[in-house]
Structure formats: structure tokens, C-alpha cells
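S.K.: Before I ask anything, here is the structure I am working with.
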Amino acid sequence: MSEHRAPPPVSTMLMRGLFEENPIFRLALSLCPAVAVTTAVKNGLMLGVAVLVVQVLSSMSGSLVKHIINPKIRIPVFTLLIAIWVSAMDMILAAYFADVYQQVGLYVKLIVAFAIIISRMELFSMKHSVIPCFWDGLGMGLGFLIGLVLAGAFRELLGSGSIFGIAVLPFKPLLLVVLPAGGFFTIGLIMALFNWVDVKRGHKLPAGGGGAHG
Amino acid sequence: MAKVVSPHEIQVEGTLPTDVASIRLVRGSDADIPLAVVSVKPAAQPDSFTLTTSETLNKQDHYLLTAKGVDHPWEIAPSPWAMVISVIIGSALINNFVFTRYLGLCVFFGVSKNKDTAIGMGVTFTIVGLLSGMISWALNTFALEPLKLEFMQIIAFIGIVACLVQATDLILKKVNPVLHKKFGIYLVLITTNCIILAVPLLNATSGATFLQALGLSLGAGLGFALALFLMSCAIEKVNMAPVPIVFKGLPVAFIIAGLFALSFLGFSGLKVA
């Protein structure tokens, strides 16, 4: 029921999701898909696009209905809103990208429970109108997409010696990274890399280490 | 009475012709393809026979044995409770939801900072997960599937989880405020735990029976609780260790989770009889 706050500039809203508040490596939200589907770039890309679309649509629709819902039940309402967009996305992907869907299908359905989407609705959509919500959702979605593609490229290159299924290395350097455990190692290392860049740029890391949002 | 005693042998009680050609053994799922029976020999006990097959048999599978001149067929099925236990062990250890299916990670890394919160979350999650798993299974089997509303699964299941969490919160607050004070905060976190949604979805895709759904829901919760407890024990030690500044906090937690995942790979060799 709050008044609309003046939205930050578009560039801030877009860039925030990419680095400073990167959903995966900084906020440490929605980690399940980041570890699970990044065994190949293609899988990461598809899930990233799905999350991007769902995030933008949910943020915007959340902003639209925020005045007519009772604040006490906003979480269930937001969850149902997300569920509607996810169901639509799930059916579209199952129909048009059947081969990749077979591998990531379960995780597409689980977008409903991804903390990043509902947390953006809580933190941003509740306070801003539809257009800023579009940019914020786009920035967060892109940050998520880039995180997934980055981790996917790293794992596919090292684990299978290929990118997008095209062999670029004549050998498989490190099979370990495509194993279940490799996903954890990869994300841990990329997070450390983000922290390292931050330290180099002269920023202080938050107490308790980077990305410790719990 | 008949049961699979080893990968190539079935023990049958009753009278059976020793002629291989008059015996027909089929798998419950493919009633048209007979499995080749190599020999039928009387076993040590009276009135029982040992069948040898060339194909490998699985104790978890269903088989049907018929013989010429014998009216009643023998049904070979694992005992239902043995199946529940095998599903529980399978989903808690072999396919642990955290370490091999990578689900529930946000909550996993959030609450594994000390043992008390880990135990609190583990217990709360196991109970709510079991409840929501069974309610979702019932809704899916008795309402969504007969009405051809499978496309509503995501919306229905997340709705159940949200309502259940909210209801448990209210009831617990009224009935047992002390318990609510202790476990209330974990209840809220459950909605964003993917495992609670993954269990009904997996049950729905595999067409699980009541007991299989029960086993998966319970196993998922126990596996999550186990993973949380192990992780919190390790994290408590790491917090006192001199970790490089860029690895402090989550990065090192991920590396530890990776090591746990590697060790859980060892369970993949576990065969549940």
C-alpha cells in the first residue's frame, strides 16, 4: 500500500543484477539450478532464458496487483502468480525444445520455488510501478542467465572438452567437473573469483565473507 | 509362494512340472515377452523347486509365473514394506536430494551454520515434507489425473505447500507456542525449498503408488536433514580455521559441499535388496 518510490535510473537497475547483486554469485539465491543444469552451456542457456522471462513477467504482474491484495497473504498470491507464468513457460519449452527440456524439465518446473523471483517481487515490485519492474526483472534475469552460462561454459569446456556440444579440445581435461560434485566446486570457485575482483577494486567484503546472505 | 532368491534363481513352493517348455515366466511390466527358463530342479525343502533363468532378475521387480497343468499362477513381488525401505534409502542416501540432485541448496547453505538450526530445520522439513508429499499425491491421484488436469500440477502443488506451511504455522502458534518459537522461523523458509515441490513432481511423473510416494517423501526429508547435519558439523569447524579472505563464507561452503557430494557418490554402489 506504499507510495511509489522514485525508481533508480535504468542503467543502475540493469547493471545491479549483473554484478553487484548477481543472484547466483552475490546474493546466493536460486543455487539449485546453478549447480544442477550447468553441465552444458545449452542447458544453462535454456533455463536462464526461462528464468529471465518468468522473472520479468512475475515482477510486472506483481506490481500490477499489489494494491488489491491483502499484505498478509501476499506471499501465497505472489507464489501463485509465479506458478502461472512457470506453467506457461513449462508447456512452451516442452512443446518447442523437447530435447533440452528432457534434461532440465524438472528444474523448469521448480522455478516456482526459486527464491530470487519472489525476493525481487517482495523487495522491488511492492514499491515500484510496472515499468521499473520490467528493467529490474530484466537485470536480475540477465544476471542469472550470465551466471548459468558462465558456469555451464566452464564445466562443459573442462569436463567434456566442448562448447555448445561442439568439440573444441581434443581431450577431456577434467572429468570431475561434470560430476555432481563438480558443480559445487565450480560455483564455489566462481564466487571466490567475484570476491577476488571485488577485493582488487578496493571494495571491502561484507563481514563473514562475500555472498553470505543466508 | 515364490520369490527371487538370487539374480538368476527363483524359489517356488508347490508342485511344478520339471519340463522347461511348459513353464512361462513374464515380467509384470511386459506380459508378452517370456523370460527364458534354463532349468527347474527340486530344491532341498519338500514341495519346492528352484528355477534358473538366463536373464538377470531383480528383487524389486514384479514377475508372473504360470505352468501347464497348474491352475493358479505364482505372483512374485517384493514385500511392500521392503519396497518402502528401499525407496527411503534410495532417496536419502543413493540419490540424496542435496548432494546428487542439487535441490534445496538456498536453504541448505543458509541454515547449515550451526548444529542447532540444522537440526531444527531438518526436523521441521521432514514433517512438513511428508505431509505435503502425501496430500499432493492424494490430490494428484484422485483429482488431477482422473480429470486430465495434469497441466495444473505446478500450481496445485505449490498451493498445497503454501497453505500447509501457513496452516502449520497458525496451528502450532495456537497449540504449542514454545514449539512455535523454536521452529516457526524454519516453517517460513520451507516454501522456498525446491525439495518440497520436487517430491510431488517426481511422484507424479513416475506414477508412484501410495507406498512409493510415502517412501520418497520421507526419504527426501531424512536425506535433507542428514545433509544439513553433516554440513553444519563441518562448517562449525571451518569457521574457526584461517580461510583465505576471498573464500570466506559461501565459497568455502560450496567446496565442502562438493567434497560431501564426492563421498556420497560412494553410495551409488549400494544395492538395496
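Labels for the C-alpha cells follow display order: chains A, B, ..., residues from 1 in each chain, ligands from 1.
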Would you kindly report the residues of chain B within 8 Å of chain A, using only C-alpha atoms, as number ranges by chain?
M.R.: B: 99-107, 109-111, 151-152, 154-155, 158-159, 162-163, 191-194, 197-198, 201, 245-255, 257-262
S.K.: Pull N, CA and C atoms from the residues just selected and write them as a short mmCIF file (atom, residue, chain, number, x, y, z; two decimals), in the first residue's frame.
M.R.:
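Done, and the output landed in selection.cif:
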```cif
data_model
loop_
_atom_site.label_atom_id
_atom_site.label_comp_id
_atom_site.auth_asym_id
_atom_site.auth_seq_id
_atom_site.Cartn_x
_atom_site.Cartn_y
_atom_site.Cartn_z
N PHE B 99 22.95 -33.63 -2.34
CA PHE B 99 24.28 -33.86 -2.89
C PHE B 99 24.28 -34.48 -4.28
N THR B 100 23.22 -35.16 -4.70
CA THR B 100 23.28 -35.67 -6.06
C THR B 100 22.18 -35.11 -6.95
N ARG B 101 21.14 -34.52 -6.38
CA ARG B 101 20.13 -33.88 -7.23
C ARG B 101 20.18 -32.36 -7.11
N TYR B 102 21.06 -31.88 -6.28
CA TYR B 102 21.29 -30.44 -6.06
C TYR B 102 20.00 -29.67 -5.82
N LEU B 103 19.16 -30.14 -4.95
CA LEU B 103 17.94 -29.38 -4.67
C LEU B 103 17.98 -28.84 -3.25
N GLY B 104 17.24 -27.76 -3.04
CA GLY B 104 17.15 -27.18 -1.70
C GLY B 104 18.43 -26.50 -1.25
N LEU B 105 19.23 -26.04 -2.20
CA LEU B 105 20.54 -25.52 -1.81
C LEU B 105 20.46 -24.19 -1.08
N CYS B 106 19.51 -23.31 -1.46
CA CYS B 106 19.46 -21.99 -0.82
C CYS B 106 19.29 -22.17 0.68
N VAL B 107 18.30 -22.98 1.05
CA VAL B 107 18.04 -23.21 2.46
C VAL B 107 19.20 -23.98 3.08
N PHE B 109 22.44 -23.95 2.39
CA PHE B 109 23.59 -23.13 2.76
C PHE B 109 23.21 -22.08 3.81
N GLY B 110 21.93 -21.69 3.81
CA GLY B 110 21.51 -20.67 4.77
C GLY B 110 21.49 -21.17 6.20
N VAL B 111 21.00 -22.38 6.43
CA VAL B 111 20.79 -22.81 7.82
C VAL B 111 21.81 -23.82 8.31
N PHE B 151 -1.79 -30.43 -16.30
CA PHE B 151 -1.06 -29.17 -16.53
C PHE B 151 -1.17 -28.22 -15.34
N MET B 152 -2.10 -28.54 -14.41
CA MET B 152 -2.26 -27.70 -13.22
C MET B 152 -1.34 -28.14 -12.08
N ILE B 154 1.83 -27.90 -11.22
CA ILE B 154 2.73 -26.95 -10.55
C ILE B 154 1.93 -26.04 -9.63
N ILE B 155 0.84 -25.48 -10.18
CA ILE B 155 0.04 -24.52 -9.41
C ILE B 155 -0.58 -25.21 -8.20
N ILE B 158 2.25 -26.19 -5.48
CA ILE B 158 2.80 -25.06 -4.73
C ILE B 158 1.72 -24.45 -3.85
N GLY B 159 0.47 -24.52 -4.32
CA GLY B 159 -0.64 -24.04 -3.49
C GLY B 159 -0.75 -24.85 -2.21
N ALA B 162 2.10 -23.90 0.13
CA ALA B 162 1.91 -22.58 0.75
C ALA B 162 0.84 -22.65 1.84
N CYS B 163 -0.28 -23.30 1.53
CA CYS B 163 -1.36 -23.40 2.52
C CYS B 163 -0.92 -24.21 3.72
N THR B 191 8.88 -22.83 2.20
CA THR B 191 8.25 -22.53 0.91
C THR B 191 9.28 -22.33 -0.19
N THR B 192 10.47 -21.83 0.14
CA THR B 192 11.45 -21.61 -0.92
C THR B 192 12.41 -22.78 -1.05
N ASN B 193 12.08 -23.91 -0.45
CA ASN B 193 12.93 -25.08 -0.60
C ASN B 193 12.42 -25.92 -1.77
N CYS B 194 13.26 -26.05 -2.80
CA CYS B 194 12.78 -26.75 -4.00
C CYS B 194 12.39 -28.19 -3.71
N LEU B 197 8.77 -29.13 -3.43
CA LEU B 197 8.00 -29.15 -4.66
C LEU B 197 8.47 -30.29 -5.57
N ALA B 198 9.77 -30.62 -5.47
CA ALA B 198 10.31 -31.65 -6.35
C ALA B 198 9.72 -33.01 -6.03
N LEU B 201 6.34 -33.56 -7.63
CA LEU B 201 6.50 -33.59 -9.08
C LEU B 201 7.12 -34.91 -9.52
N ILE B 245 40.73 -14.90 2.47
CA ILE B 245 39.63 -13.94 2.56
C ILE B 245 38.63 -14.10 1.41
N VAL B 246 39.10 -14.38 0.17
CA VAL B 246 38.14 -14.46 -0.93
C VAL B 246 37.29 -15.73 -0.85
N PHE B 247 37.76 -16.71 -0.08
CA PHE B 247 36.99 -17.95 0.03
C PHE B 247 36.09 -17.98 1.25
N LYS B 248 36.20 -16.96 2.10
CA LYS B 248 35.43 -16.96 3.35
C LYS B 248 33.93 -17.00 3.07
N GLY B 249 33.18 -17.69 3.93
CA GLY B 249 31.73 -17.70 3.79
C GLY B 249 31.27 -18.75 2.79
N LEU B 250 30.51 -18.30 1.81
CA LEU B 250 29.90 -19.27 0.90
C LEU B 250 30.87 -20.05 0.01
N PRO B 251 31.90 -19.40 -0.58
CA PRO B 251 32.77 -20.19 -1.48
C PRO B 251 33.30 -21.45 -0.81
N VAL B 252 33.79 -21.31 0.40
CA VAL B 252 34.36 -22.50 1.05
C VAL B 252 33.25 -23.49 1.40
N ALA B 253 32.05 -22.97 1.71
CA ALA B 253 30.93 -23.87 1.99
C ALA B 253 30.62 -24.72 0.76
N PHE B 254 30.72 -24.10 -0.42
CA PHE B 254 30.48 -24.85 -1.65
C PHE B 254 31.52 -25.93 -1.86
N ILE B 255 32.78 -25.60 -1.58
CA ILE B 255 33.84 -26.60 -1.76
C ILE B 255 33.57 -27.78 -0.83
N ALA B 257 30.66 -28.72 0.37
CA ALA B 257 29.52 -29.47 -0.17
C ALA B 257 29.97 -30.36 -1.31
N GLY B 258 30.91 -29.86 -2.13
CA GLY B 258 31.44 -30.66 -3.23
C GLY B 258 32.13 -31.91 -2.71
N LEU B 259 32.88 -31.77 -1.63
CA LEU B 259 33.56 -32.94 -1.06
C LEU B 259 32.54 -33.95 -0.53
N PHE B 260 31.49 -33.42 0.13
CA PHE B 260 30.43 -34.32 0.60
C PHE B 260 29.79 -35.04 -0.59
N ALA B 261 29.55 -34.28 -1.68
CA ALA B 261 28.91 -34.88 -2.85
C ALA B 261 29.79 -35.99 -3.40
N LEU B 262 31.11 -35.77 -3.40
CA LEU B 262 32.03 -36.81 -3.87
C LEU B 262 31.91 -38.05 -3.00
#
```
S.K.: DSSP on the backbone, alpha helix (DSSP H) only: what residues of segment 37-235 of chain B does that give? Format it as a PyMOL selection string.
M.R.: chain B and resi 80-89+105-111+115-139+153-175+177-190+194-206+210-235
S.K.: Those selected residues, please, written with C-alpha atoms and delivered as a short mmCIF file (atom, residue, chain, number, x, y, z; two decimals), in the first residue's frame.
M.R.:
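What follows is the written file out34.cif:
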```
data_model
loop_
_atom_site.label_atom_id
_atom_site.label_comp_id
_atom_site.auth_asym_id
_atom_site.auth_seq_id
_atom_site.Cartn_x
_atom_site.Cartn_y
_atom_site.Cartn_z
CA PRO B 80 5.53 -53.73 0.28
CA TRP B 81 7.43 -52.63 3.39
CA ALA B 82 10.72 -53.80 1.95
CA MET B 83 9.94 -51.57 -1.03
CA VAL B 84 9.22 -48.56 1.19
CA ILE B 85 12.51 -49.03 2.96
CA SER B 86 14.39 -49.40 -0.31
CA VAL B 87 12.80 -46.18 -1.63
CA ILE B 88 13.68 -44.37 1.60
CA ILE B 89 17.30 -45.49 1.49
CA LEU B 105 20.54 -25.52 -1.81
CA CYS B 106 19.46 -21.99 -0.82
CA VAL B 107 18.04 -23.21 2.46
CA PHE B 108 20.84 -25.75 2.81
CA PHE B 109 23.59 -23.13 2.76
CA GLY B 110 21.51 -20.67 4.77
CA VAL B 111 20.79 -22.81 7.82
CA LYS B 115 24.08 -27.63 14.59
CA ASP B 116 21.01 -26.36 16.45
CA THR B 117 19.45 -24.61 13.47
CA ALA B 118 20.40 -27.55 11.26
CA ILE B 119 18.55 -29.99 13.50
CA GLY B 120 15.55 -27.64 13.84
CA MET B 121 15.25 -27.20 10.09
CA GLY B 122 15.82 -30.90 9.43
CA VAL B 123 13.03 -31.99 11.79
CA THR B 124 10.57 -29.32 10.61
CA PHE B 125 11.26 -30.06 6.98
CA THR B 126 10.91 -33.83 7.34
CA ILE B 127 7.49 -33.47 8.96
CA VAL B 128 6.08 -30.81 6.63
CA GLY B 129 7.64 -32.54 3.61
CA LEU B 130 5.99 -35.84 4.48
CA LEU B 131 2.61 -34.15 4.96
CA SER B 132 2.76 -32.13 1.76
CA GLY B 133 4.10 -35.10 -0.21
CA MET B 134 1.18 -37.28 0.82
CA ILE B 135 -1.50 -34.59 0.35
CA SER B 136 -0.10 -33.76 -3.10
CA TRP B 137 -0.02 -37.43 -4.01
CA ALA B 138 -3.66 -37.83 -3.00
CA LEU B 139 -4.72 -34.72 -4.89
CA GLN B 153 0.26 -29.76 -11.23
CA ILE B 154 2.73 -26.95 -10.55
CA ILE B 155 0.04 -24.52 -9.41
CA ALA B 156 -1.76 -27.14 -7.32
CA PHE B 157 1.36 -28.46 -5.59
CA ILE B 158 2.80 -25.06 -4.73
CA GLY B 159 -0.64 -24.04 -3.49
CA ILE B 160 -0.71 -27.04 -1.17
CA VAL B 161 2.76 -26.24 0.15
CA ALA B 162 1.91 -22.58 0.75
CA CYS B 163 -1.36 -23.40 2.52
CA LEU B 164 0.17 -26.21 4.56
CA VAL B 165 3.05 -24.05 5.75
CA GLN B 166 0.69 -21.24 6.66
CA ALA B 167 -1.72 -23.63 8.41
CA THR B 168 1.05 -25.40 10.35
CA ASP B 169 2.35 -22.02 11.42
CA LEU B 170 -1.07 -20.91 12.72
CA ILE B 171 -1.90 -24.22 14.42
CA LEU B 172 1.49 -24.50 16.06
CA LYS B 173 1.28 -20.92 17.31
CA LYS B 174 -2.09 -21.66 18.94
CA VAL B 175 -1.42 -25.18 20.24
CA PRO B 177 3.73 -21.55 21.45
CA VAL B 178 7.03 -22.88 22.84
CA LEU B 179 7.50 -25.20 19.91
CA HIS B 180 6.41 -22.43 17.56
CA LYS B 181 9.03 -20.11 18.97
CA LYS B 182 11.65 -22.75 18.28
CA PHE B 183 10.57 -23.98 14.85
CA GLY B 184 8.45 -21.11 13.50
CA ILE B 185 11.23 -19.41 11.54
CA TYR B 186 12.08 -22.62 9.70
CA LEU B 187 8.49 -23.04 8.57
CA VAL B 188 8.64 -19.81 6.57
CA LEU B 189 11.82 -20.92 4.84
CA ILE B 190 10.26 -24.18 3.69
CA CYS B 194 12.78 -26.75 -4.00
CA ILE B 195 12.75 -30.24 -2.49
CA ILE B 196 9.25 -29.77 -1.12
CA LEU B 197 8.00 -29.15 -4.66
CA ALA B 198 10.31 -31.65 -6.35
CA VAL B 199 8.96 -34.60 -4.34
CA PRO B 200 5.32 -34.34 -5.54
CA LEU B 201 6.50 -33.59 -9.08
CA LEU B 202 8.76 -36.66 -9.12
CA ASN B 203 5.95 -38.77 -7.64
CA ALA B 204 3.56 -37.51 -10.31
CA THR B 205 5.94 -38.17 -13.22
CA SER B 206 6.82 -41.67 -12.04
CA PHE B 210 0.88 -44.79 -2.15
CA LEU B 211 3.79 -46.59 -0.51
CA GLN B 212 6.34 -45.34 -3.04
CA ALA B 213 5.14 -41.79 -2.51
CA LEU B 214 5.39 -42.29 1.24
CA GLY B 215 8.92 -43.63 0.90
CA LEU B 216 10.08 -40.80 -1.36
CA SER B 217 8.59 -38.06 0.82
CA LEU B 218 10.11 -39.48 3.97
CA GLY B 219 13.44 -40.32 2.34
CA ALA B 220 13.77 -36.85 0.85
CA GLY B 221 13.19 -35.24 4.24
CA LEU B 222 15.57 -37.59 6.06
CA GLY B 223 18.22 -37.14 3.39
CA PHE B 224 17.92 -33.36 3.63
CA ALA B 225 18.15 -33.49 7.43
CA LEU B 226 21.21 -35.75 7.23
CA ALA B 227 22.91 -33.46 4.70
CA LEU B 228 22.17 -30.40 6.85
CA PHE B 229 23.54 -32.03 9.98
CA LEU B 230 26.75 -33.24 8.30
CA MET B 231 27.30 -29.85 6.70
CA SER B 232 26.72 -27.91 9.94
CA CYS B 233 29.29 -30.09 11.73
CA ALA B 234 31.88 -29.30 9.05
CA ILE B 235 31.03 -25.59 8.89
#
```
S.K.: Which residue, B:Lys68, B:Lys113, B:His62, B:Lys148, has the smallest gap to Ala21 of chain B when you use only C-alpha atoms?
M.R.: B:Lys68
S.K.: As an exercise, work out the distance from atom CA of Arg155 of chain A to atom CA of Lys172 of chain A in Å and give it to one decimal place.
M.R.: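 Atom-to-atom, atom CA of Arg155 of chain A and atom CA of Lys172 of chain A are spaced 10.8 Å apart.
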S.K.: Can you tell me how far atom CA of Leu147 of chain B sits from atom CA of Val104 of chain A, in Å to one decimal?
M.R.: 26.8 Å
S.K.: Go ahead and compute the interatomic distance for atom CA of Leu270 of chain B and atom CA of Thr56 of chain B, in Å to one decimal.
M.R.: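 So the two atoms, atom CA of Leu270 of chain B and atom CA of Thr56 of chain B, lie 17.7 Å apart.
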S.K.: Could you name the residues that touch Val26 of chain B at 7 Å or less, counting only C-alpha atoms, but leaving out those on the same chain fewer than 2 positions away, as a tab-separated table (two decimals) with C-alpha atoms, in the first residue's frame?
M.R.:
```tsv
chain	number	residue	atom	x	y	z
B	24	ARG	CA	6.13	-69.45	-18.63
B	28	GLY	CA	4.94	-57.77	-14.63
B	30	ASP	CA	5.83	-56.84	-20.25
B	31	ALA	CA	3.35	-59.66	-20.10
B	33	ILE	CA	7.76	-61.36	-23.56
B	34	PRO	CA	8.58	-64.61	-21.74
B	35	LEU	CA	11.88	-64.83	-19.89
B	63	TYR	CA	7.05	-61.34	-12.14
B	64	LEU	CA	4.29	-63.76	-13.04
B	65	LEU	CA	4.92	-67.48	-13.25
```
S.K.: Could you tell me, as a VMD selection string, which residues of segment 10-170 of chain B DSSP assigns to strand (DSSP E or B) when given the backbone?
M.R.: chain B and resid 10 to 13 23 to 27 34 to 35 37 to 42 48 to 53 63 to 67 74 to 76
S.K.: Do a neighbour search on segment 145-150 of chain A at 8 Å with only C-alpha atoms, toss out local chain neighbours closer than 4 positions, and write the hits as an MDAnalysis selection string.
M.R.: chainID A and resid 18 22 24:25 34 38 41 44:45 47:49 51:52 141 154
S.K.: For Thr12 of chain A, please output as a list in words all residues within 12 Å (counting only C-alpha atoms; exclusion window: fewer than 5 positions along the same chain).
M.R.: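 Here the qualifying residues turn out to be Pro7, Gly17, Leu18, Phe19, Glu20, Glu21, Pro132, Trp135, Asp136, Leu138, Gly139 and Met140 of chain A.
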S.K.: Please produce an output containing C-alpha atoms for each residue in the selection, written as a PDB file, in the first residue's frame.
M.R.:
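Result file follows (part.pdb):
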```
ATOM      1  CA  PRO A   7      12.826   4.416  -9.410  1.00  0.00           C
ATOM      2  CA  GLY A  17      21.637  -7.713 -11.304  1.00  0.00           C
ATOM      3  CA  LEU A  18      24.705  -8.360 -13.419  1.00  0.00           C
ATOM      4  CA  PHE A  19      27.449  -7.806 -10.895  1.00  0.00           C
ATOM      5  CA  GLU A  20      26.790  -6.097  -7.563  1.00  0.00           C
ATOM      6  CA  GLU A  21      23.695  -8.131  -6.807  1.00  0.00           C
ATOM      7  CA  PRO A 132      10.817  -0.004 -13.439  1.00  0.00           C
ATOM      8  CA  TRP A 135      14.010  -3.206 -16.039  1.00  0.00           C
ATOM      9  CA  ASP A 136      14.717  -4.641 -12.605  1.00  0.00           C
ATOM     10  CA  LEU A 138      15.421  -7.878 -16.867  1.00  0.00           C
ATOM     11  CA  GLY A 139      18.622  -7.024 -14.982  1.00  0.00           C
ATOM     12  CA  MET A 140      18.153  -9.788 -12.426  1.00  0.00           C
TER      13      MET A 140
END
```
S.K.: Would you kindly return, as a list in words, each protein, DNA or RNA residue with an atom no farther than 9 Å from any atom of Val130 of chain A, considering only C-alpha atoms and excluding same-chain residues fewer than 6 positions away?
M.R.: Ser59, Met60, Ser61, Gly62, Ser63 and Leu64 of chain A
